[in-house]
>>> print(open('work_14.txt').read())   # compact mmCIF, C-alpha atoms and all ligand atoms
# COMPACT_ATOMS: atom_id res chain seq x y z
CA MET H 1 19.31 -9.12 12.25
CA LEU H 2 21.44 -8.35 9.20
CA THR H 3 19.64 -6.91 6.20
CA GLN H 4 20.87 -6.39 2.68
CA VAL H 5 21.15 -2.75 1.72
CA ASP H 6 19.27 -3.10 -1.57
CA GLY H 7 16.65 -5.38 -0.04
CA ILE H 8 14.48 -8.12 -1.44
CA LEU H 9 13.28 -6.18 -4.48
CA GLY H 10 16.71 -5.04 -5.65
CA ARG H 11 18.31 -1.67 -6.21
CA ARG H 12 15.16 0.30 -6.99
CA GLY H 13 13.18 -1.29 -4.18
CA MET H 14 10.15 -1.91 -6.35
CA SER H 15 8.70 -4.15 -9.03
CA SER H 16 6.03 -3.06 -11.48
CA PRO H 17 3.67 -3.60 -13.19
CA ILE H 18 2.18 -6.84 -11.85
CA VAL H 19 -1.26 -7.76 -13.14
CA TRP H 20 -3.76 -8.48 -10.35
CA SER H 21 -6.95 -8.25 -12.43
CA MET H 22 -8.22 -7.71 -15.96
CA SER H 23 -8.47 -3.95 -16.43
CA GLY H 24 -12.17 -4.07 -17.31
CA ALA H 25 -12.99 -6.01 -14.14
CA ALA H 26 -10.98 -3.59 -11.98
CA ARG H 27 -12.75 -0.61 -13.57
CA GLY H 28 -16.09 -2.32 -12.99
CA ARG H 29 -15.23 -2.76 -9.30
CA ALA H 30 -14.17 0.88 -9.16
CA ALA H 31 -17.54 1.97 -10.56
CA LEU H 32 -19.30 -0.02 -7.80
CA LEU H 33 -17.08 1.53 -5.13
CA VAL H 34 -17.75 5.01 -6.47
CA ALA H 35 -21.51 4.33 -6.39
CA GLU H 36 -21.24 2.98 -2.83
CA HIS H 37 -19.18 5.82 -1.37
CA ARG H 38 -20.13 8.85 -3.48
CA VAL H 39 -22.82 10.19 -1.16
CA SER H 40 -20.73 9.94 2.01
CA GLY H 41 -17.55 11.04 0.22
CA GLN H 42 -15.70 8.35 2.19
CA GLU H 43 -11.99 8.45 1.35
CA ILE H 44 -10.61 5.59 3.45
CA VAL H 45 -11.83 2.03 3.98
CA ARG H 46 -9.74 0.10 6.51
CA ASN H 47 -8.99 -3.57 6.02
CA PRO H 48 -11.54 -4.29 3.29
CA HIS H 49 -9.92 -7.74 2.83
CA LEU H 50 -11.72 -8.73 6.07
CA THR H 51 -15.19 -7.74 4.92
CA GLU H 52 -15.42 -7.40 1.15
CA ASP H 53 -15.25 -10.36 -1.22
CA TRP H 54 -13.58 -8.45 -4.02
CA ALA H 55 -10.72 -7.35 -1.73
CA GLU H 56 -10.42 -10.85 -0.28
CA TYR H 57 -9.85 -12.09 -3.84
CA ALA H 58 -7.63 -9.17 -4.84
CA VAL H 59 -5.03 -9.84 -2.14
CA ARG H 60 -4.89 -13.50 -3.30
CA SER H 61 -4.78 -12.82 -7.04
CA PRO H 62 -2.45 -15.44 -8.54
CA ASN H 63 0.12 -13.21 -10.27
CA LEU H 64 0.44 -10.90 -7.33
CA LEU H 65 0.67 -13.72 -4.80
CA ALA H 66 3.30 -15.45 -6.96
CA ALA H 67 5.38 -12.26 -6.96
CA VAL H 68 5.03 -11.98 -3.18
CA ARG H 69 5.92 -15.65 -2.63
CA ALA H 70 8.97 -15.20 -4.87
CA VAL H 71 10.41 -12.75 -2.34
CA LEU H 72 8.93 -13.94 0.98
CA GLY H 73 8.76 -17.68 0.42
CA PRO H 74 5.69 -19.93 0.61
CA ASP H 75 4.22 -18.67 3.90
CA VAL H 76 2.43 -15.38 3.36
CA ALA H 77 -0.20 -13.47 5.35
CA VAL H 78 -1.95 -10.17 4.89
CA GLU H 79 -1.15 -7.86 7.78
CA ASN H 80 -3.31 -4.92 6.67
CA THR H 81 -5.17 -3.39 3.76
CA PHE H 82 -6.12 0.22 3.18
CA LEU H 83 -8.42 1.42 0.40
CA VAL H 84 -7.99 5.03 -0.66
CA VAL H 85 -10.56 6.88 -2.74
CA LYS H 86 -9.39 10.24 -4.03
CA TRP H 87 -12.42 12.19 -5.14
CA PRO H 88 -12.13 14.85 -7.82
CA GLY H 89 -12.14 18.40 -6.50
CA HIS H 90 -10.90 17.43 -3.02
CA SER H 91 -7.44 18.22 -1.79
CA PHE H 92 -5.96 14.98 -0.45
CA GLU H 93 -2.24 14.30 -0.36
CA ILE H 94 -0.59 11.38 1.40
CA PRO H 95 2.82 12.46 2.74
CA TRP H 96 6.16 10.75 2.27
CA HIS H 97 6.12 7.55 4.30
CA GLN H 98 7.33 3.95 4.48
CA ASP H 99 4.73 1.22 4.77
CA GLY H 100 6.73 -1.00 7.13
CA ILE H 101 7.06 1.41 10.05
CA GLY H 102 4.81 3.59 12.17
CA ALA H 103 4.00 4.39 15.77
CA ARG H 104 2.14 1.07 16.01
CA LEU H 105 4.07 -1.16 13.67
CA GLU H 106 7.44 -2.31 12.47
CA LEU H 107 7.84 -4.98 9.79
CA HIS H 108 11.06 -6.78 9.01
CA PRO H 109 12.13 -5.32 5.67
CA GLU H 110 13.23 -8.68 4.27
CA ARG H 111 10.24 -10.61 5.60
CA SER H 112 7.51 -8.24 4.44
CA VAL H 113 6.56 -6.35 1.33
CA SER H 114 3.78 -3.96 0.37
CA ALA H 115 1.71 -3.70 -2.77
CA TRP H 116 -0.41 -0.93 -4.22
CA LEU H 117 -3.18 -2.12 -6.52
CA ALA H 118 -4.71 0.29 -9.02
CA VAL H 119 -8.49 -0.20 -9.05
CA THR H 120 -9.01 2.76 -11.40
CA ASP H 121 -6.29 3.88 -13.75
CA ALA H 122 -3.75 5.82 -11.70
CA THR H 123 -2.08 8.75 -13.44
CA ALA H 124 0.07 11.73 -12.53
CA ALA H 125 -3.05 13.88 -12.84
CA ASN H 126 -5.29 11.83 -10.56
CA GLY H 127 -2.77 11.22 -7.77
CA CYS H 128 -0.83 8.05 -8.58
CA LEU H 129 1.98 6.99 -6.28
CA GLU H 130 5.25 8.88 -6.43
CA VAL H 131 8.26 6.92 -5.18
CA ALA H 132 11.90 7.60 -4.39
CA PRO H 133 13.64 4.63 -6.06
CA GLY H 134 16.48 3.25 -3.96
CA SER H 135 15.31 5.08 -0.83
CA GLN H 136 14.89 1.74 0.97
CA SER H 137 18.67 1.41 1.18
CA ALA H 138 18.81 4.12 3.89
CA GLY H 139 16.62 1.94 6.13
CA TYR H 140 13.71 3.04 8.24
CA LEU H 141 13.48 6.76 8.96
CA PRO H 142 12.16 8.35 12.16
CA VAL H 143 8.39 8.70 12.01
CA GLU H 144 6.15 11.56 13.02
CA LYS H 145 2.38 11.79 13.09
CA GLU H 146 0.82 13.26 9.99
CA ALA H 147 -0.36 16.84 10.58
CA ALA H 148 -4.04 16.95 11.49
CA THR H 149 -6.11 17.76 8.42
CA GLY H 150 -9.54 17.94 9.98
CA ALA H 151 -10.59 14.88 7.98
CA ASP H 152 -10.47 11.45 9.55
CA ARG H 153 -7.88 10.12 7.19
CA GLY H 154 -5.87 8.51 9.95
CA ARG H 155 -3.04 8.04 7.57
CA ALA H 156 0.53 7.49 7.72
CA ASP H 157 3.07 8.35 10.28
CA GLN H 158 5.17 10.30 7.83
CA ALA H 159 8.89 9.95 7.27
CA HIS H 160 10.45 12.71 9.33
CA GLY H 161 12.80 15.05 7.51
CA PHE H 162 12.78 13.13 4.25
CA THR H 163 14.08 15.22 1.36
CA PRO H 164 13.76 13.31 -1.88
CA GLU H 165 16.61 13.45 -4.37
CA THR H 166 15.03 11.65 -7.29
CA THR H 167 11.40 10.70 -7.45
CA ILE H 168 9.28 9.14 -10.13
CA PRO H 169 5.53 8.87 -10.62
CA VAL H 170 4.19 5.32 -10.89
CA PRO H 171 1.24 5.49 -13.25
CA LEU H 172 -0.63 2.20 -13.43
CA ARG H 173 -3.43 0.88 -15.57
CA ALA H 174 -6.45 -0.36 -13.62
CA GLY H 175 -5.75 -3.99 -12.68
CA CYS H 176 -1.99 -3.49 -12.31
CA ALA H 177 0.02 -3.26 -9.10
CA VAL H 178 3.43 -2.18 -7.87
CA LEU H 179 5.28 -4.22 -5.25
CA MET H 180 7.39 -2.15 -2.87
CA ASP H 181 10.10 -2.76 -0.32
CA SER H 182 8.59 -1.98 3.11
CA ARG H 183 11.18 0.81 3.47
CA LEU H 184 10.59 2.42 0.07
CA VAL H 185 9.61 6.04 0.64
CA HIS H 186 6.50 7.06 -1.30
CA ARG H 187 3.63 9.54 -1.33
CA SER H 188 0.71 10.54 -3.49
CA GLY H 189 -0.69 13.91 -4.54
CA THR H 190 -4.15 15.37 -4.91
CA ASN H 191 -6.45 14.15 -7.65
CA THR H 192 -6.73 16.99 -10.16
CA SER H 193 -8.72 14.99 -12.73
CA ASP H 194 -12.50 14.88 -13.02
CA GLY H 195 -12.93 11.24 -11.98
CA ALA H 196 -12.30 9.28 -8.77
CA ARG H 197 -8.94 7.54 -8.26
CA ILE H 198 -9.04 4.32 -6.22
CA GLY H 199 -6.17 2.17 -4.96
CA LEU H 200 -5.74 -0.66 -2.48
CA ASN H 201 -2.60 -0.82 -0.34
CA VAL H 202 -1.70 -4.27 1.01
CA ARG H 203 0.98 -5.20 3.54
CA TYR H 204 2.14 -8.80 3.20
CA THR H 205 4.26 -10.55 5.79
CA ALA H 206 6.05 -13.86 6.33
CA PRO H 207 5.63 -15.54 9.75
CA ASP H 208 8.74 -13.87 11.18
CA GLY H 209 8.07 -10.50 9.53
CA ILE H 210 6.34 -8.69 12.37
CA LEU H 211 8.84 -7.01 14.69
CA ARG H 212 6.32 -4.81 16.53
CA ARG H 213 2.55 -4.49 16.20
CA ASP H 214 -0.28 -2.92 18.16
CA PRO H 215 -2.07 -5.82 19.89
CA LYS H 216 -5.39 -4.11 19.07
CA SER H 217 -4.80 -4.55 15.33
CA PRO H 218 -6.99 -7.14 13.61
CA SER H 219 -5.37 -10.58 13.29
CA VAL H 220 -3.14 -11.21 10.32
CA VAL H 221 -4.76 -13.40 7.66
CA PRO H 222 -2.63 -16.28 6.35
CA ILE H 223 -3.22 -16.73 2.62
CA SER H 224 -0.45 -19.11 1.58
CA GLY H 225 1.69 -21.88 3.01
CA THR H 226 1.53 -24.17 6.01
CA GLY H 227 3.90 -22.39 8.39
CA TRP H 228 1.23 -20.43 10.29
O1 LIG H 301 -3.48 5.45 -2.24
C1 LIG H 301 -2.62 6.31 -2.10
O2 LIG H 301 -2.68 7.38 -2.68
C2 LIG H 301 -1.39 6.06 -1.26
C3 LIG H 301 -1.60 4.97 -0.30
C4 LIG H 301 -0.37 4.61 0.44
O3 LIG H 301 0.72 5.04 0.16
C5 LIG H 301 -0.49 3.71 1.57
O4 LIG H 301 -1.61 3.32 1.93
O5 LIG H 301 0.57 3.36 2.13
>>> encode(input="work_14.txt", output="structure tokens", more="lines below")
Ligand SMILES: O=C(O)CCC(=O)C(=O)O
Amino acid sequence: MLTQVDGILGRRGMSSPIVWSMSGAARGRAALLVAEHRVSGQEIVRNPHLTEDWAEYAVRSPNLLAAVRAVLGPDVAVENTFLVVKWPGHSFEIPWHQDGIGARLELHPERSVSAWLAVTDATAANGCLEVAPGSQSAGYLPVEKEAATGADRGRADQAHGFTPETTIPVPLRAGCAVLMDSRLVHRSGTNTSDGARIGLNVRYTAPDGILRRDPKSPSVVPISGTGW
């Protein structure tokens, strides 16, 4: 299939900020998540949109869904969500990766898009996303398994041999999101602040957006349109 070099989000491969919640409400949700997970120190919650009301609403928030529909068309489903809590005082970096490809997955770059929703404020100090604008134009890179860290982070198959030329931090106020081309290379660093940093990653797809997917993955959840 032919794909445009720039992709569906244009030259930079991203669009930001998009409001998904009032900031106060997002911070309130973050406080509840901190209270829930503080004792266990849990860093990753997989697919919370399947089990938690707030995440079910977040992925459908009107502004965000409108931005997704503007690039994918009316039929949209959630393929996956991934909540990341970065606790203060813990080293936790997520390596350079692309959301649309991994050992178990490949999404069509023009029929899928990913979003990262700030639940707390996300700053350079607390480990906001760092992106390489325009990196989507090189297409998908070979993937390799993230080095074992000892923690069950189960995160990304990282982009092999990626050497960023220009990167920018993407600080976001709680309640704001960034929409990313599925090929946009991004990472995040350790939280060096004294509060938790929480973000929700969402992969959206159109009906023809899944090129390869582990059959053991939970079903995709249609959230818009009649084409499913
Ligand atoms: O939350 C983070 O720090 C990064 C998450 C991310 O890049 C992802 O889930 O794809």
>>> residues_near_ligand(input="work_14.txt", ligand="ligand LIG 301 (chain H)", cutoff="7 Å", atoms="all atoms listed in the file", output="ChimeraX atom specification")
/H:82-84,94,99,127-129,156,186-188,198-201
>>> atom_distance(input="work_14.txt", atom1="atom CA of Leu32 of chain H", atom2="atom CA of Ser91 of chain H")
22.6 Å
>>> residues_around(input="work_14.txt", residues="Gly89 of chain H", least_positions_apart="2", cutoff="12 Å", atoms="all atoms listed in the file", output="list in words")
Gly41, Lys86, Trp87, Ser91, Phe92, Ala125, Asn126, Gly127, Thr190, Asn191, Thr192, Ser193, Asp194, Gly195, Ala196 and Arg197 of chain H
>>> write_last_selection(input="work_14.txt", atoms="C-alpha atoms", output="PDB file, in the frame of the given file")
ATOM      1  CA  GLY H  41     -17.550  11.040   0.220  1.00  0.00           C
ATOM      2  CA  LYS H  86      -9.390  10.240  -4.030  1.00  0.00           C
ATOM      3  CA  TRP H  87     -12.420  12.190  -5.140  1.00  0.00           C
ATOM      4  CA  SER H  91      -7.440  18.220  -1.790  1.00  0.00           C
ATOM      5  CA  PHE H  92      -5.960  14.980  -0.450  1.00  0.00           C
ATOM      6  CA  ALA H 125      -3.050  13.880 -12.840  1.00  0.00           C
ATOM      7  CA  ASN H 126      -5.290  11.830 -10.560  1.00  0.00           C
ATOM      8  CA  GLY H 127      -2.770  11.220  -7.770  1.00  0.00           C
ATOM      9  CA  THR H 190      -4.150  15.370  -4.910  1.00  0.00           C
ATOM     10  CA  ASN H 191      -6.450  14.150  -7.650  1.00  0.00           C
ATOM     11  CA  THR H 192      -6.730  16.990 -10.160  1.00  0.00           C
ATOM     12  CA  SER H 193      -8.720  14.990 -12.730  1.00  0.00           C
ATOM     13  CA  ASP H 194     -12.500  14.880 -13.020  1.00  0.00           C
ATOM     14  CA  GLY H 195     -12.930  11.240 -11.980  1.00  0.00           C
ATOM     15  CA  ALA H 196     -12.300   9.280  -8.770  1.00  0.00           C
ATOM     16  CA  ARG H 197      -8.940   7.540  -8.260  1.00  0.00           C
TER      17      ARG H 197
END
>>> atom_distance(input="work_14.txt", atom1="atom CA of Val34 of chain H", atom2="atom CA of Gln98 of chain H")
27.4 Å
>>> residues_around(input="work_14.txt", residues="Val71 of chain H", least_positions_apart="5", cutoff="9 Å", atoms="all atoms listed in the file", output="PDB file with C-alpha atoms, in the coordinates of the input")
ATOM      1  CA  ILE H   8      14.480  -8.120  -1.440  1.00  0.00           C
ATOM      2  CA  LEU H   9      13.280  -6.180  -4.480  1.00  0.00           C
ATOM      3  CA  ALA H  66       3.300 -15.450  -6.960  1.00  0.00           C
ATOM      4  CA  GLU H 110      13.230  -8.680   4.270  1.00  0.00           C
ATOM      5  CA  ARG H 111      10.240 -10.610   5.600  1.00  0.00           C
ATOM      6  CA  SER H 112       7.510  -8.240   4.440  1.00  0.00           C
ATOM      7  CA  VAL H 113       6.560  -6.350   1.330  1.00  0.00           C
TER       8      VAL H 113
END
>>> residues_around(input="work_14.txt", residues="Val78 of chain H", least_positions_apart="3", cutoff="9 Å", atoms="only C-alpha atoms", output="list in words")
His49, Val59, Thr81, Val202, Arg203, Tyr204, Thr205, Ala206, Val220, Val221, Pro222 and Ile223 of chain H
>>> closest_residue(input="work_14.txt", among="H:Pro109, H:Pro164, H:Pro17, H:Gly175", to="Ser135 of chain H", atoms="all atoms listed in the file")
H:Pro164
>>> closest_residue(input="work_14.txt", among="H:Ser114, H:Ser182, H:Ser15, H:Thr120", to="Arg29 of chain H", atoms="only C-alpha atoms")
H:Thr120
>>> atom_distance(input="work_14.txt", atom1="atom CA of Ala118 of chain H", atom2="atom CA of Trp54 of chain H")
13.4 Å
>>> closest_residue(input="work_14.txt", among="H:Asp75, H:Asp53, H:Asp208, H:Glu165", to="Glu106 of chain H", atoms="only C-alpha atoms")
H:Asp208
>>> residues_around(input="work_14.txt", residues="Gln42 of chain H", least_positions_apart="3", cutoff="9 Å", atoms="all atoms listed in the file", output="PyMOL selection string")
chain H and resi 37-39+45+84-85+87
>>> write_last_selection(input="work_14.txt", atoms="C-alpha atoms", output="short mmCIF file (atom, residue, chain, number, x, y, z; two decimals), in the frame of the given file")
data_model
loop_
_atom_site.label_atom_id
_atom_site.label_comp_id
_atom_site.auth_asym_id
_atom_site.auth_seq_id
_atom_site.Cartn_x
_atom_site.Cartn_y
_atom_site.Cartn_z
CA HIS H 37 -19.18 5.82 -1.37
CA ARG H 38 -20.13 8.85 -3.48
CA VAL H 39 -22.82 10.19 -1.16
CA VAL H 45 -11.83 2.03 3.98
CA VAL H 84 -7.99 5.03 -0.66
CA VAL H 85 -10.56 6.88 -2.74
CA TRP H 87 -12.42 12.19 -5.14
#
>>> closest_residue(input="work_14.txt", among="H:Cys176, H:Leu64, H:Met14, H:Ala25", to="Val76 of chain H", atoms="all atoms listed in the file")
H:Leu64
>>> closest_residue(input="work_14.txt", among="H:Pro169, H:Gly7, H:Pro215, H:Gly161", to="Leu72 of chain H", atoms="all atoms listed in the file")
H:Gly7
>>> closest_residue(input="work_14.txt", among="H:Ala159, H:Leu211, H:Leu107, H:Ala177", to="Met22 of chain H", atoms="only C-alpha atoms")
H:Ala177
>>> residues_around(input="work_14.txt", residues="Thr167 of chain H", least_positions_apart="5", cutoff="7 Å", atoms="all atoms listed in the file", output="PyMOL selection string")
chain H and resi 130-133
>>> write_last_selection(input="work_14.txt", atoms="C-alpha atoms", output="short mmCIF file (atom, residue, chain, number, x, y, z; two decimals), in the coordinates of the input")
data_model
loop_
_atom_site.label_atom_id
_atom_site.label_comp_id
_atom_site.auth_asym_id
_atom_site.auth_seq_id
_atom_site.Cartn_x
_atom_site.Cartn_y
_atom_site.Cartn_z
CA GLU H 130 5.25 8.88 -6.43
CA VAL H 131 8.26 6.92 -5.18
CA ALA H 132 11.90 7.60 -4.39
CA PRO H 133 13.64 4.63 -6.06
#
